$ cat data-v4.cif   # mmCIF, C-alpha atoms
data_final
#
loop_
_atom_site.group_PDB
_atom_site.id
_atom_site.type_symbol
_atom_site.label_atom_id
_atom_site.label_comp_id
_atom_site.auth_asym_id
_atom_site.auth_seq_id
_atom_site.Cartn_x
_atom_site.Cartn_y
_atom_site.Cartn_z
ATOM 1 C CA MET A 1 48.535 133.119 -58.948
ATOM 2 C CA ALA A 2 44.771 132.764 -59.600
ATOM 3 C CA THR A 3 41.748 134.717 -58.452
ATOM 4 C CA ALA A 4 38.729 133.327 -56.648
ATOM 5 C CA GLU A 5 36.727 133.659 -59.872
ATOM 6 C CA GLU A 6 39.371 131.703 -61.790
ATOM 7 C CA PHE A 7 39.228 128.947 -59.164
ATOM 8 C CA ARG A 8 35.435 128.847 -59.459
ATOM 9 C CA LYS A 9 35.858 128.352 -63.219
ATOM 10 C CA MET A 10 38.481 125.643 -62.648
ATOM 11 C CA TYR A 11 36.261 123.851 -60.172
ATOM 12 C CA ARG A 12 33.243 123.996 -62.512
ATOM 13 C CA TYR A 13 35.501 122.089 -64.911
ATOM 14 C CA ASN A 14 36.629 119.685 -62.146
ATOM 15 C CA ARG A 15 33.041 118.999 -61.163
ATOM 16 C CA ALA A 16 31.933 118.375 -64.750
ATOM 17 C CA VAL A 17 34.821 115.974 -65.359
ATOM 18 C CA MET A 18 34.286 114.096 -62.087
ATOM 19 C CA ALA A 19 30.568 113.797 -62.853
ATOM 20 C CA ALA A 20 31.309 112.435 -66.345
ATOM 21 C CA TYR A 21 33.710 109.856 -64.945
ATOM 22 C CA GLY A 22 31.291 108.943 -62.163
ATOM 23 C CA ARG A 23 28.484 108.327 -64.668
ATOM 24 C CA LYS A 24 30.788 106.265 -66.896
ATOM 25 C CA ILE A 25 32.130 104.152 -64.043
ATOM 26 C CA GLU A 26 28.670 103.625 -62.557
ATOM 27 C CA ARG A 27 27.475 102.005 -65.812
ATOM 28 C CA LEU A 28 30.321 99.480 -65.881
ATOM 29 C CA PRO A 29 30.077 95.996 -64.348
ATOM 30 C CA TRP A 30 31.227 95.959 -60.724
ATOM 31 C CA ASP A 31 33.835 93.251 -61.410
ATOM 32 C CA VAL A 32 35.521 95.643 -63.889
ATOM 33 C CA VAL A 33 35.272 98.649 -61.552
ATOM 34 C CA SER A 34 36.461 96.808 -58.444
ATOM 35 C CA LYS A 35 39.253 94.700 -60.012
ATOM 36 C CA ASP A 36 42.573 95.192 -58.201
ATOM 37 C CA ARG A 37 44.936 96.550 -60.854
ATOM 38 C CA GLU A 38 47.808 97.287 -58.450
ATOM 39 C CA THR A 39 47.552 101.066 -58.836
ATOM 40 C CA THR A 40 47.817 103.578 -55.998
ATOM 41 C CA TRP A 41 44.264 102.913 -54.787
ATOM 42 C CA HIS A 42 43.993 99.486 -56.434
ATOM 43 C CA SER A 43 40.850 99.740 -58.599
ATOM 44 C CA ILE A 44 38.825 102.176 -60.660
ATOM 45 C CA ALA A 45 36.348 102.475 -57.778
ATOM 46 C CA GLY A 46 39.200 102.816 -55.260
ATOM 47 C CA VAL A 47 40.886 105.636 -57.178
ATOM 48 C CA TYR A 48 37.579 107.450 -57.754
ATOM 49 C CA HIS A 49 36.755 107.137 -54.026
ATOM 50 C CA HIS A 50 40.207 108.505 -53.174
ATOM 51 C CA ILE A 51 39.684 111.536 -55.446
ATOM 52 C CA VAL A 52 36.382 112.319 -53.721
ATOM 53 C CA GLY A 53 38.173 111.880 -50.390
ATOM 54 C CA VAL A 54 40.788 114.433 -51.492
ATOM 55 C CA TYR A 55 37.995 116.970 -52.092
ATOM 56 C CA ASP A 56 36.420 116.132 -48.737
ATOM 57 C CA GLY A 57 39.741 116.265 -46.900
ATOM 58 C CA TRP A 58 41.059 119.521 -48.333
ATOM 59 C CA LEU A 59 37.926 121.487 -49.203
ATOM 60 C CA CYS A 60 35.566 120.362 -46.457
ATOM 61 C CA TYR A 61 37.715 119.265 -43.516
ATOM 62 C CA VAL A 62 40.721 121.585 -43.887
ATOM 63 C CA ALA A 63 39.148 124.634 -45.564
ATOM 64 C CA GLN A 64 35.753 124.547 -43.840
ATOM 65 C CA GLY A 65 36.580 122.747 -40.610
ATOM 66 C CA LYS A 66 34.321 119.717 -41.089
ATOM 67 C CA GLY A 67 34.447 116.630 -43.272
ATOM 68 C CA VAL A 68 31.255 115.464 -44.949
ATOM 69 C CA ASP A 69 31.193 111.787 -44.029
ATOM 70 C CA GLU A 70 34.115 110.389 -42.047
ATOM 71 C CA LYS A 71 32.732 106.851 -42.187
ATOM 72 C CA THR A 72 32.598 106.760 -46.003
ATOM 73 C CA ALA A 73 35.812 108.764 -46.393
ATOM 74 C CA SER A 74 37.793 106.269 -44.303
ATOM 75 C CA ARG A 75 36.384 103.090 -45.862
ATOM 76 C CA ARG A 76 38.845 100.740 -47.543
ATOM 77 C CA TRP A 77 38.620 100.555 -51.324
ATOM 78 C CA ASP A 78 37.633 96.873 -51.219
ATOM 79 C CA SER A 79 34.747 97.348 -48.764
ATOM 80 C CA PHE A 80 32.450 98.826 -51.403
ATOM 81 C CA THR A 81 30.053 96.586 -53.324
ATOM 82 C CA SER A 82 28.805 99.146 -55.864
ATOM 83 C CA MET A 83 29.420 102.692 -57.037
ATOM 84 C CA ARG A 84 26.187 103.854 -55.368
ATOM 85 C CA ASP A 85 27.821 104.694 -52.004
ATOM 86 C CA ILE A 86 30.832 106.327 -53.652
ATOM 87 C CA ARG A 87 28.615 108.462 -55.907
ATOM 88 C CA ALA A 88 26.471 109.459 -52.893
ATOM 89 C CA PHE A 89 29.671 110.492 -51.095
ATOM 90 C CA HIS A 90 30.666 112.492 -54.200
ATOM 91 C CA GLU A 91 27.312 114.314 -54.235
ATOM 92 C CA ALA A 92 27.483 115.035 -50.487
ATOM 93 C CA VAL A 93 30.987 116.473 -50.835
ATOM 94 C CA TRP A 94 29.942 118.746 -53.717
ATOM 95 C CA ALA A 95 26.879 119.873 -51.754
ATOM 96 C CA SER A 96 29.337 121.206 -49.161
ATOM 97 C CA VAL A 97 32.022 122.454 -51.561
ATOM 98 C CA GLN A 98 29.841 124.381 -54.011
ATOM 99 C CA PRO A 99 28.347 126.970 -51.602
ATOM 100 C CA TRP A 100 31.802 127.464 -50.091
ATOM 101 C CA LEU A 101 33.328 128.050 -53.545
ATOM 102 C CA ASP A 102 30.496 130.457 -54.422
ATOM 103 C CA CYS A 103 31.527 132.668 -51.481
ATOM 104 C CA LEU A 104 35.297 132.332 -51.923
ATOM 105 C CA THR A 105 37.163 135.664 -52.109
ATOM 106 C CA ASP A 106 40.624 136.617 -53.271
ATOM 107 C CA ALA A 107 41.526 137.410 -49.654
ATOM 108 C CA ASP A 108 40.486 133.876 -48.624
ATOM 109 C CA LEU A 109 43.081 132.466 -51.010
ATOM 110 C CA ARG A 110 45.891 133.917 -48.874
ATOM 111 C CA ARG A 111 44.609 132.244 -45.700
ATOM 112 C CA ARG A 112 46.993 129.637 -44.297
ATOM 113 C CA VAL A 113 45.600 126.123 -43.847
ATOM 114 C CA LYS A 114 47.176 123.053 -42.306
ATOM 115 C CA ALA A 115 46.172 119.528 -43.253
ATOM 116 C CA PRO A 116 47.007 117.038 -40.490
ATOM 117 C CA TRP A 117 48.617 114.737 -43.062
ATOM 118 C CA GLN A 118 50.988 117.450 -44.322
ATOM 119 C CA PRO A 119 54.194 118.552 -42.553
ATOM 120 C CA LYS A 120 53.377 122.282 -42.678
ATOM 121 C CA ALA A 121 50.741 124.864 -43.578
ATOM 122 C CA CYS A 122 50.120 126.254 -47.053
ATOM 123 C CA SER A 123 47.922 128.928 -48.568
ATOM 124 C CA LEU A 124 44.338 128.032 -49.421
ATOM 125 C CA GLU A 125 45.297 128.884 -53.006
ATOM 126 C CA ASP A 126 47.949 126.150 -52.940
ATOM 127 C CA ALA A 127 45.462 123.707 -51.392
ATOM 128 C CA LEU A 128 43.017 124.387 -54.237
ATOM 129 C CA MET A 129 45.795 123.770 -56.767
ATOM 130 C CA GLN A 130 46.813 120.586 -54.923
ATOM 131 C CA VAL A 131 43.280 119.188 -55.215
ATOM 132 C CA THR A 132 43.044 120.041 -58.922
ATOM 133 C CA LEU A 133 46.433 118.561 -59.808
ATOM 134 C CA GLU A 134 45.909 115.462 -57.676
ATOM 135 C CA THR A 135 42.544 114.956 -59.401
ATOM 136 C CA ALA A 136 44.234 115.116 -62.809
ATOM 137 C CA HIS A 137 46.932 112.638 -61.783
ATOM 138 C CA HIS A 138 44.442 110.108 -60.448
ATOM 139 C CA LEU A 139 42.081 110.518 -63.397
ATOM 140 C CA GLY A 140 45.072 109.546 -65.521
ATOM 141 C CA GLU A 141 45.219 106.290 -63.560
ATOM 142 C CA ILE A 142 41.516 105.707 -64.185
ATOM 143 C CA ILE A 143 42.031 106.396 -67.897
ATOM 144 C CA GLY A 144 44.787 103.768 -67.978
ATOM 145 C CA MET A 145 42.579 101.243 -66.193
ATOM 146 C CA LEU A 146 39.713 101.908 -68.614
ATOM 147 C CA TRP A 147 42.094 101.410 -71.546
ATOM 148 C CA GLN A 148 43.120 98.042 -70.068
ATOM 149 C CA GLU A 149 39.493 97.010 -70.572
ATOM 150 C CA ASP A 150 39.334 98.621 -74.044
ATOM 151 C CA ILE A 151 36.839 101.178 -72.677
ATOM 152 C CA ARG A 152 36.943 104.723 -73.965
ATOM 153 C CA PRO A 153 37.160 107.266 -71.128
ATOM 154 C CA PRO A 154 34.920 110.357 -71.076
ATOM 155 C CA ALA A 155 36.197 113.504 -72.769
ATOM 156 C CA MET A 156 37.974 115.817 -70.383
ATOM 157 C CA THR A 157 39.778 118.448 -72.412
ATOM 158 C CA TRP A 158 39.548 121.911 -70.891
ATOM 159 C CA LEU A 159 38.087 123.517 -74.032
ATOM 160 C CA ASP A 160 35.450 120.856 -74.707
ATOM 161 C CA ILE A 161 34.262 120.987 -71.105
ATOM 162 C CA GLN A 162 34.294 124.826 -71.032
ATOM 163 C CA TRP A 163 32.332 125.061 -74.282
ATOM 164 C CA GLY A 164 29.815 122.537 -72.962
ATOM 165 C CA LEU A 165 29.438 124.453 -69.680
ATOM 166 C CA GLU A 166 29.021 127.749 -71.570
ATOM 167 C CA ALA A 167 26.370 126.239 -73.858
ATOM 168 C CA ALA A 168 24.491 124.821 -70.852
ATOM 169 C CA ALA A 169 24.604 128.204 -69.074
ATOM 170 C CA LYS A 170 23.353 129.915 -72.222
ATOM 171 C CA ARG A 171 20.445 127.443 -72.525
ATOM 172 C CA LYS A 172 19.623 127.947 -68.860
ATOM 173 C CA ARG A 173 19.622 131.752 -69.214
ATOM 174 C CA ARG A 174 17.517 131.548 -72.363
ATOM 175 C CA HIS A 175 15.077 129.148 -70.716
ATOM 176 C CA GLY A 176 14.863 131.352 -67.620
ATOM 177 C CA LYS A 177 13.971 134.436 -69.696
ATOM 178 C CA ARG A 178 10.898 132.838 -71.273
ATOM 179 C CA ARG A 179 7.643 134.114 -69.942
ATOM 180 C CA PRO A 180 5.173 131.421 -68.999
ATOM 181 C CA SER A 181 2.130 131.423 -71.229
ATOM 182 C CA ALA A 182 -0.719 130.683 -68.876
ATOM 183 C CA HIS A 183 -3.474 130.830 -71.474
ATOM 184 C CA ARG A 184 -2.057 129.405 -74.672
ATOM 185 C CA ASN A 185 -5.373 128.250 -76.083
ATOM 186 C CA ALA A 186 -7.634 130.841 -74.465
#

$ encode --input "data-v4.cif" --output "structure tokens"
Amino acid sequence: MATAEEFRKMYRYNRAVMAAYGRKIERLPWDVVSKDRETTWHSIAGVYHHIVGVYDGWLCYVAQGKGVDEKTASRRWDSFTSMRDIRAFHEAVWASVQPWLDCLTDADLRRRVKAPWQPKACSLEDALMQVTLETAHHLGEIIGMLWQEDIRPPAMTWLDIQWGLEAAAKRKRRHGKRRPSAHRNA
């Protein structure tokens, strides 16, 4: 289906989108973010926390054999009092996921994995697709909840995000090629 390099590209997109939503949500009043809207995970914060938990569950616990933070992952949606803990959980999960993704090979994608909450094993490739598609579904819920408050959600189109990531990489390469001028005014 997809190669390891294609998954890395997909997950760069996923990370950029999740970061954009995290920043947006973090700036909103807590009463807006934590309001129970009777969705799958109740609130904007609850759905965002669940998405991060999906990454931790599949990509840390199942794929790598260890979850990042069981205490935060298992917290109820209504036990949070700010986005700070959820965003810290998000950063901790990505700190584990990114090096793993960087080393992912095409052969790894064929490896069978079994999540305890699923009835049978699947390929790692299918697990990676599951996480991506589940993220998209739940971000749709967050978009709907933001619209209920007349709040514009962050951009998340594939092309806009890809072009932004490419421009950032280009700036980084260009910046990295500059030679330091130690004696500018000498």

$ closest_atom_pairs --input "data-v4.cif" --of "range 38-127 of chain A" --to "range 20-25 of chain A" --cutoff "12 Å" --atoms "all atoms listed in the file" --output "Markdown table"
| residue | atom | partner | partner_atom | distance |
| --- | --- | --- | --- | --- |
| A:Ser43 | CA | A:Ile25 | CA | 11.2 |
| A:Ile44 | CA | A:Ile25 | CA | 7.8 |
| A:Ala45 | CA | A:Ile25 | CA | 7.7 |
| A:Gly46 | CA | A:Ile25 | CA | 11.4 |
| A:Val47 | CA | A:Ile25 | CA | 11.2 |
| A:Tyr48 | CA | A:Gly22 | CA | 7.8 |
| A:His49 | CA | A:Gly22 | CA | 10.0 |
| A:Ile51 | CA | A:Gly22 | CA | 11.1 |
| A:Val52 | CA | A:Gly22 | CA | 10.4 |
| A:Ser82 | CA | A:Ile25 | CA | 10.1 |
| A:Met83 | CA | A:Ile25 | CA | 7.7 |
| A:Arg84 | CA | A:Gly22 | CA | 9.9 |
| A:Asp85 | CA | A:Gly22 | CA | 11.5 |
| A:Ile86 | CA | A:Gly22 | CA | 8.9 |
| A:Arg87 | CA | A:Gly22 | CA | 6.8 |
| A:Ala88 | CA | A:Gly22 | CA | 10.5 |
| A:Phe89 | CA | A:Gly22 | CA | 11.3 |
| A:His90 | CA | A:Gly22 | CA | 8.7 |
| A:Glu91 | CA | A:Gly22 | CA | 10.4 |

$ closest_residue --input "data-v4.cif" --among "A:Asp160, A:Glu125, A:Glu134, A:Asp31" --to "Thr3 in chain A" --atoms "all atoms listed in the file"
A:Glu125

$ atom_distance --input "data-v4.cif" --atom1 "CA of Gln162 in chain A" --atom2 "CA of Arg15 in chain A"
11.5 Å

$ resolve_selection --input "data-v4.cif" --expression "the PyMOL selection byres ((chain A and resi 100-109) around 8)" --output "number ranges by chain"
A: 3-4, 8, 64, 96-99, 110-111, 123-125

$ axis_aligned_box --input "data-v4.cif" --around "range 105-112 of chain A" --padding-each-side "5 Å" --output "lines of an AutoDock Vina configuration file"
center_x = 42.1
center_y = 133.5
center_z = -48.8
size_x = 19.8
size_y = 17.8
size_z = 19.0

$ residues_around --input "data-v4.cif" --residues "Gly67 in chain A" --least-positions-apart "3" --cutoff "7 Å" --atoms "all atoms listed in the file" --output "VMD selection string"
chain A and resid 56 to 57 60 to 61 70

$ residues_near_point --input "data-v4.cif" --point "(36.0, 104.9, -73.9)" --cutoff "12 Å" --atoms "only C-alpha atoms" --output "VMD selection string"
chain A and resid 20 to 21 24 to 25 28 142 to 156

$ closest_residue --input "data-v4.cif" --among "A:Glu6, A:Arg12, A:Val33, A:His175" --to "Ile161 in chain A" --atoms "all atoms listed in the file"
A:Arg12

$ resolve_selection --input "data-v4.cif" --expression "the PyMOL selection byres ((chain A and resi 132) around 10)" --output "number ranges by chain"
A: 7, 10-11, 13-14, 51, 54-55, 126-131, 133-137

$ atom_distance --input "data-v4.cif" --atom1 "CA of Gly176 in chain A" --atom2 "CA of Glu5 in chain A"
23.3 Å

$ atom_distance --input "data-v4.cif" --atom1 "CA of Val17 in chain A" --atom2 "CA of Ser74 in chain A"
23.4 Å

$ residues_near_point --input "data-v4.cif" --point "(41.8, 121.1, -42.6)" --cutoff "7 Å" --atoms "only C-alpha atoms" --output "number ranges by chain"
A: 57-58, 61-63, 65, 113-116

$ closest_residue --input "data-v4.cif" --among "A:Trp163, A:Trp94, A:Phe80, A:Trp117" --to "Val68 in chain A" --atoms "all atoms listed in the file"
A:Trp94

$ decode --input "data-v4.cif" --residues "range 91-118 of chain A" --atoms "N, CA, C and O atoms" --output "mmCIF file, in the first residue's frame"
data_model
loop_
_atom_site.group_PDB
_atom_site.id
_atom_site.type_symbol
_atom_site.label_atom_id
_atom_site.label_comp_id
_atom_site.auth_asym_id
_atom_site.auth_seq_id
_atom_site.Cartn_x
_atom_site.Cartn_y
_atom_site.Cartn_z
ATOM 1 N N GLU A 91 3.315 16.225 23.410
ATOM 2 C CA GLU A 91 4.755 16.385 23.134
ATOM 3 C C GLU A 91 5.541 15.140 23.539
ATOM 4 O O GLU A 91 6.465 14.729 22.832
ATOM 5 N N ALA A 92 5.183 14.524 24.656
ATOM 6 C CA ALA A 92 5.872 13.308 25.104
ATOM 7 C C ALA A 92 5.633 12.159 24.119
ATOM 8 O O ALA A 92 6.554 11.390 23.802
ATOM 9 N N VAL A 93 4.418 12.047 23.624
ATOM 10 C CA VAL A 93 4.115 10.992 22.652
ATOM 11 C C VAL A 93 4.930 11.202 21.390
ATOM 12 O O VAL A 93 5.566 10.272 20.880
ATOM 13 N N TRP A 94 4.971 12.441 20.872
ATOM 14 C CA TRP A 94 5.735 12.689 19.641
ATOM 15 C C TRP A 94 7.230 12.491 19.857
ATOM 16 O O TRP A 94 7.936 12.070 18.939
ATOM 17 N N ALA A 95 7.714 12.769 21.060
ATOM 18 C CA ALA A 95 9.136 12.531 21.348
ATOM 19 C C ALA A 95 9.477 11.051 21.236
ATOM 20 O O ALA A 95 10.607 10.678 20.911
ATOM 21 N N SER A 96 8.507 10.177 21.472
ATOM 22 C CA SER A 96 8.704 8.742 21.309
ATOM 23 C C SER A 96 8.434 8.297 19.872
ATOM 24 O O SER A 96 9.152 7.453 19.326
ATOM 25 N N VAL A 97 7.414 8.861 19.253
ATOM 26 C CA VAL A 97 7.005 8.431 17.912
ATOM 27 C C VAL A 97 8.006 8.854 16.841
ATOM 28 O O VAL A 97 8.331 8.065 15.939
ATOM 29 N N GLN A 98 8.506 10.082 16.915
ATOM 30 C CA GLN A 98 9.338 10.599 15.832
ATOM 31 C C GLN A 98 10.605 9.778 15.569
ATOM 32 O O GLN A 98 10.862 9.400 14.420
ATOM 33 N N PRO A 99 11.405 9.452 16.588
ATOM 34 C CA PRO A 99 12.599 8.633 16.311
ATOM 35 C C PRO A 99 12.238 7.249 15.759
ATOM 36 O O PRO A 99 12.945 6.707 14.920
ATOM 37 N N TRP A 100 11.137 6.703 16.231
ATOM 38 C CA TRP A 100 10.667 5.410 15.729
ATOM 39 C C TRP A 100 10.291 5.530 14.254
ATOM 40 O O TRP A 100 10.687 4.690 13.440
ATOM 41 N N LEU A 101 9.545 6.569 13.884
ATOM 42 C CA LEU A 101 9.185 6.779 12.483
ATOM 43 C C LEU A 101 10.424 6.977 11.612
ATOM 44 O O LEU A 101 10.485 6.490 10.486
ATOM 45 N N ASP A 102 11.405 7.708 12.139
ATOM 46 C CA ASP A 102 12.636 7.987 11.381
ATOM 47 C C ASP A 102 13.353 6.705 10.985
ATOM 48 O O ASP A 102 14.028 6.664 9.956
ATOM 49 N N CYS A 103 13.212 5.658 11.792
ATOM 50 C CA CYS A 103 13.895 4.382 11.531
ATOM 51 C C CYS A 103 12.996 3.336 10.874
ATOM 52 O O CYS A 103 13.450 2.223 10.583
ATOM 53 N N LEU A 104 11.749 3.665 10.644
ATOM 54 C CA LEU A 104 10.791 2.726 10.067
ATOM 55 C C LEU A 104 11.235 2.277 8.676
ATOM 56 O O LEU A 104 11.684 3.087 7.870
ATOM 57 N N THR A 105 11.128 0.973 8.412
ATOM 58 C CA THR A 105 11.490 0.421 7.098
ATOM 59 C C THR A 105 10.259 -0.195 6.436
ATOM 60 O O THR A 105 9.254 -0.469 7.104
ATOM 61 N N ASP A 106 10.379 -0.426 5.145
ATOM 62 C CA ASP A 106 9.286 -1.087 4.432
ATOM 63 C C ASP A 106 9.010 -2.475 5.004
ATOM 64 O O ASP A 106 7.854 -2.900 5.094
ATOM 65 N N ALA A 107 10.062 -3.173 5.407
ATOM 66 C CA ALA A 107 9.878 -4.510 5.999
ATOM 67 C C ALA A 107 9.098 -4.420 7.311
ATOM 68 O O ALA A 107 8.276 -5.298 7.611
ATOM 69 N N ASP A 108 9.348 -3.366 8.099
ATOM 70 C CA ASP A 108 8.614 -3.187 9.359
ATOM 71 C C ASP A 108 7.110 -3.114 9.124
ATOM 72 O O ASP A 108 6.320 -3.570 9.957
ATOM 73 N N LEU A 109 6.707 -2.547 8.006
ATOM 74 C CA LEU A 109 5.291 -2.345 7.726
ATOM 75 C C LEU A 109 4.531 -3.670 7.620
ATOM 76 O O LEU A 109 3.317 -3.705 7.853
ATOM 77 N N ARG A 110 5.221 -4.739 7.299
ATOM 78 C CA ARG A 110 4.578 -6.054 7.176
ATOM 79 C C ARG A 110 4.464 -6.783 8.520
ATOM 80 O O ARG A 110 3.754 -7.781 8.627
ATOM 81 N N ARG A 111 5.162 -6.277 9.524
ATOM 82 C CA ARG A 111 5.127 -6.905 10.850
ATOM 83 C C ARG A 111 3.705 -6.908 11.394
ATOM 84 O O ARG A 111 2.950 -5.958 11.241
ATOM 85 N N ARG A 112 3.318 -8.028 11.995
ATOM 86 C CA ARG A 112 1.992 -8.155 12.596
ATOM 87 C C ARG A 112 2.028 -7.571 14.004
ATOM 88 O O ARG A 112 2.975 -7.813 14.755
ATOM 89 N N VAL A 113 1.007 -6.810 14.350
ATOM 90 C CA VAL A 113 0.881 -6.227 15.685
ATOM 91 C C VAL A 113 -0.512 -6.525 16.205
ATOM 92 O O VAL A 113 -1.463 -6.668 15.434
ATOM 93 N N LYS A 114 -0.628 -6.615 17.504
ATOM 94 C CA LYS A 114 -1.922 -6.929 18.122
ATOM 95 C C LYS A 114 -2.179 -5.933 19.247
ATOM 96 O O LYS A 114 -1.445 -5.888 20.224
ATOM 97 N N ALA A 115 -3.188 -5.120 19.078
ATOM 98 C CA ALA A 115 -3.620 -4.215 20.144
ATOM 99 C C ALA A 115 -4.567 -4.979 21.063
ATOM 100 O O ALA A 115 -5.456 -5.682 20.573
ATOM 101 N N PRO A 116 -4.391 -4.866 22.366
ATOM 102 C CA PRO A 116 -5.247 -5.619 23.292
ATOM 103 C C PRO A 116 -6.733 -5.288 23.147
ATOM 104 O O PRO A 116 -7.580 -6.096 23.494
ATOM 105 N N TRP A 117 -7.049 -4.123 22.629
ATOM 106 C CA TRP A 117 -8.446 -3.720 22.474
ATOM 107 C C TRP A 117 -9.048 -4.141 21.132
ATOM 108 O O TRP A 117 -10.214 -3.870 20.873
ATOM 109 N N GLN A 118 -8.255 -4.810 20.296
ATOM 110 C CA GLN A 118 -8.740 -5.282 19.004
ATOM 111 C C GLN A 118 -8.877 -6.806 19.030
ATOM 112 O O GLN A 118 -8.123 -7.487 19.707
#
